[in-house]
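Here is the structure we will look at.
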Amino acid sequence: MSIGGVVFRIGDDRYFLPADVASKVLPMPGVARVPGAPPELVGVALVEGDMMPVVAVGDLDGRGSRRPASTSRGRADNRPMLVCVFMGERVGLVGLEILASGFFAPAEPAGVMHGDVAVPLFDVAAVVARLREGRWAV
């Protein structure tokens with residue numbers, strides 16, 4: 001048995017998301033900042049006719065920042081955005097490097113094998129939960 005999905009890197013760590021959560025990879029769109037939002041929320045973007053939060057899960061500028069450089073604010077660029085669907089909500093993850101997509105052998109306790117490395121599942125639920133917290137959330 002194999003599991004379809006995507007393996008990606010955040011910093012030095014690898015993670016996996018199954019295809020029923022990771023729906024596609026797109027170039028990072030232009031975003032609008034949200035006043036008072038947590039630092040990891042890059043902003044919101046119009047993607048395929050829907051507004052979606054764009055969340056930095058890793059470094060965006062090569063210096064450890066989770067915000068795009070001020071000169072690129074609002075502009076699209078070629079960095080990858082992994083579009084995920086979790087409990088009916090779409091969220092874009094940026095600040096990551098896509099390593100592979102396809103079918104992978106399962107690894108215990110949860111995750112897949114990428115080469116000879118066991119890769120754990122990425123916790124999208126935690127990302128969505130953080131977005132729902134704080135004074136800025138509706």
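Chain labels run A, B, ... following the order of the structure tokens; each chain numbers its residues from 1, and ligands are numbered from 1 in the order shown.
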Just want the 6 Å neighbourhood of Phe16 of chain A, counted on only C-alpha atoms, with same-chain residues fewer than 6 positions away dropped. Output as a PyMOL selection string. chain A and resi 6-7+120-122
Do you know which residues are at most 12 Å from Lys24 of chain A counting only C-alpha atoms, after dropping those on the same chain fewer than 3 positions away, and could you put them as an mmCIF file with N, CA and C atoms, in the first residue's frame?
data_model
loop_
_atom_site.group_PDB
_atom_site.id
_atom_site.type_symbol
_atom_site.label_atom_id
_atom_site.label_comp_id
_atom_site.auth_asym_id
_atom_site.auth_seq_id
_atom_site.Cartn_x
_atom_site.Cartn_y
_atom_site.Cartn_z
ATOM 1 N N GLY A 5 0.647 12.041 -1.849
ATOM 2 C CA GLY A 5 0.757 13.332 -1.188
ATOM 3 C C GLY A 5 2.012 14.061 -1.584
ATOM 4 N N VAL A 6 2.451 14.949 -0.709
ATOM 5 C CA VAL A 6 3.612 15.796 -0.979
ATOM 6 C C VAL A 6 4.541 15.803 0.234
ATOM 7 N N LEU A 17 2.238 15.739 3.724
ATOM 8 C CA LEU A 17 0.792 15.952 3.766
ATOM 9 C C LEU A 17 0.157 15.067 2.703
ATOM 10 N N PRO A 18 -0.895 14.343 3.077
ATOM 11 C CA PRO A 18 -1.567 13.487 2.104
ATOM 12 C C PRO A 18 -2.326 14.321 1.078
ATOM 13 N N ALA A 19 -2.596 13.708 -0.066
ATOM 14 C CA ALA A 19 -3.242 14.404 -1.174
ATOM 15 C C ALA A 19 -4.644 14.894 -0.840
ATOM 16 N N ASP A 20 -5.318 14.289 0.141
ATOM 17 C CA ASP A 20 -6.652 14.788 0.492
ATOM 18 C C ASP A 20 -6.589 16.060 1.328
ATOM 19 N N VAL A 21 -5.394 16.458 1.780
ATOM 20 C CA VAL A 21 -5.197 17.712 2.506
ATOM 21 C C VAL A 21 -4.439 18.717 1.631
ATOM 22 N N PRO A 27 2.300 29.250 -7.379
ATOM 23 C CA PRO A 27 3.216 30.334 -6.995
ATOM 24 C C PRO A 27 2.546 31.193 -5.914
ATOM 25 N N MET A 28 3.352 31.707 -4.997
ATOM 26 C CA MET A 28 2.800 32.557 -3.941
ATOM 27 C C MET A 28 2.117 33.773 -4.567
ATOM 28 N N VAL A 47 -7.360 33.571 -4.407
ATOM 29 C CA VAL A 47 -6.838 32.410 -5.121
ATOM 30 C C VAL A 47 -8.003 31.672 -5.766
ATOM 31 N N GLU A 48 -8.006 31.669 -7.078
ATOM 32 C CA GLU A 48 -9.046 30.973 -7.834
ATOM 33 C C GLU A 48 -10.447 31.408 -7.404
ATOM 34 N N PRO A 80 6.952 28.754 -3.787
ATOM 35 C CA PRO A 80 5.782 27.879 -3.797
ATOM 36 C C PRO A 80 4.829 28.151 -2.637
ATOM 37 N N MET A 81 3.559 27.992 -2.914
ATOM 38 C CA MET A 81 2.523 28.015 -1.880
ATOM 39 C C MET A 81 1.802 26.682 -1.970
ATOM 40 N N LEU A 82 1.764 25.964 -0.870
ATOM 41 C CA LEU A 82 1.071 24.691 -0.798
ATOM 42 C C LEU A 82 -0.352 24.972 -0.320
ATOM 43 N N VAL A 83 -1.327 24.737 -1.195
ATOM 44 C CA VAL A 83 -2.730 24.982 -0.857
ATOM 45 C C VAL A 83 -3.262 23.735 -0.172
ATOM 46 N N CYS A 84 -3.771 23.922 1.052
ATOM 47 C CA CYS A 84 -4.284 22.811 1.850
ATOM 48 C C CYS A 84 -5.768 23.032 2.142
ATOM 49 N N VAL A 85 -6.482 21.934 2.273
ATOM 50 C CA VAL A 85 -7.885 21.974 2.677
ATOM 51 C C VAL A 85 -7.993 21.177 3.963
ATOM 52 N N ARG A 90 -9.684 26.379 3.242
ATOM 53 C CA ARG A 90 -8.441 26.409 2.472
ATOM 54 C C ARG A 90 -7.460 27.361 3.135
ATOM 55 N N VAL A 91 -6.199 26.958 3.161
ATOM 56 C CA VAL A 91 -5.130 27.778 3.710
ATOM 57 C C VAL A 91 -3.894 27.558 2.842
ATOM 58 N N GLY A 92 -3.167 28.645 2.555
ATOM 59 C CA GLY A 92 -1.937 28.551 1.784
ATOM 60 C C GLY A 92 -0.737 28.565 2.712
ATOM 61 N N LEU A 93 0.146 27.599 2.558
ATOM 62 C CA LEU A 93 1.366 27.526 3.357
ATOM 63 C C LEU A 93 2.550 27.965 2.506
ATOM 64 N N ILE A 98 9.219 22.407 -1.674
ATOM 65 C CA ILE A 98 8.614 21.155 -2.110
ATOM 66 C C ILE A 98 9.743 20.211 -2.523
ATOM 67 N N SER A 101 6.395 14.909 -4.846
ATOM 68 C CA SER A 101 4.978 14.575 -4.782
ATOM 69 C C SER A 101 4.809 13.226 -5.462
#
From a DSSP calculation on the backbone, collect every residue of chain A in helix (DSSP H, G or I) and output the set as a PyMOL selection string. chain A and resi 70-72+124-131
With only C-alpha atoms as the atoms that count, which of A:Leu131, A:Gly95, A:Asp116, A:Asp123 lies nearest to Val44 of chain A?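 Looking at the shortest contact to Val44 of chain A, the residue is A:Leu131.
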Pick the closest to Val31 of chain A from A:Ala118, A:Tyr15, A:Gly43, A:Ile3: which is it, counting only C-alpha atoms?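 Selected residue with least distance to Val31 of chain A: A:Gly43.
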When you count only C-alpha atoms, which of these residues is closest to Gly58 of chain A: A:Val94, A:Met1, A:Ala32, A:Ala105?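 Counting only C-alpha atoms, the residue closest to Gly58 of chain A is A:Val94.
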Measuring between only C-alpha atoms, which one of A:Gly4, A:Met51, A:Asn78, A:Met113 shows the shortest distance to Ala22 of chain A?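 The closest residue to Ala22 of chain A is A:Gly4.
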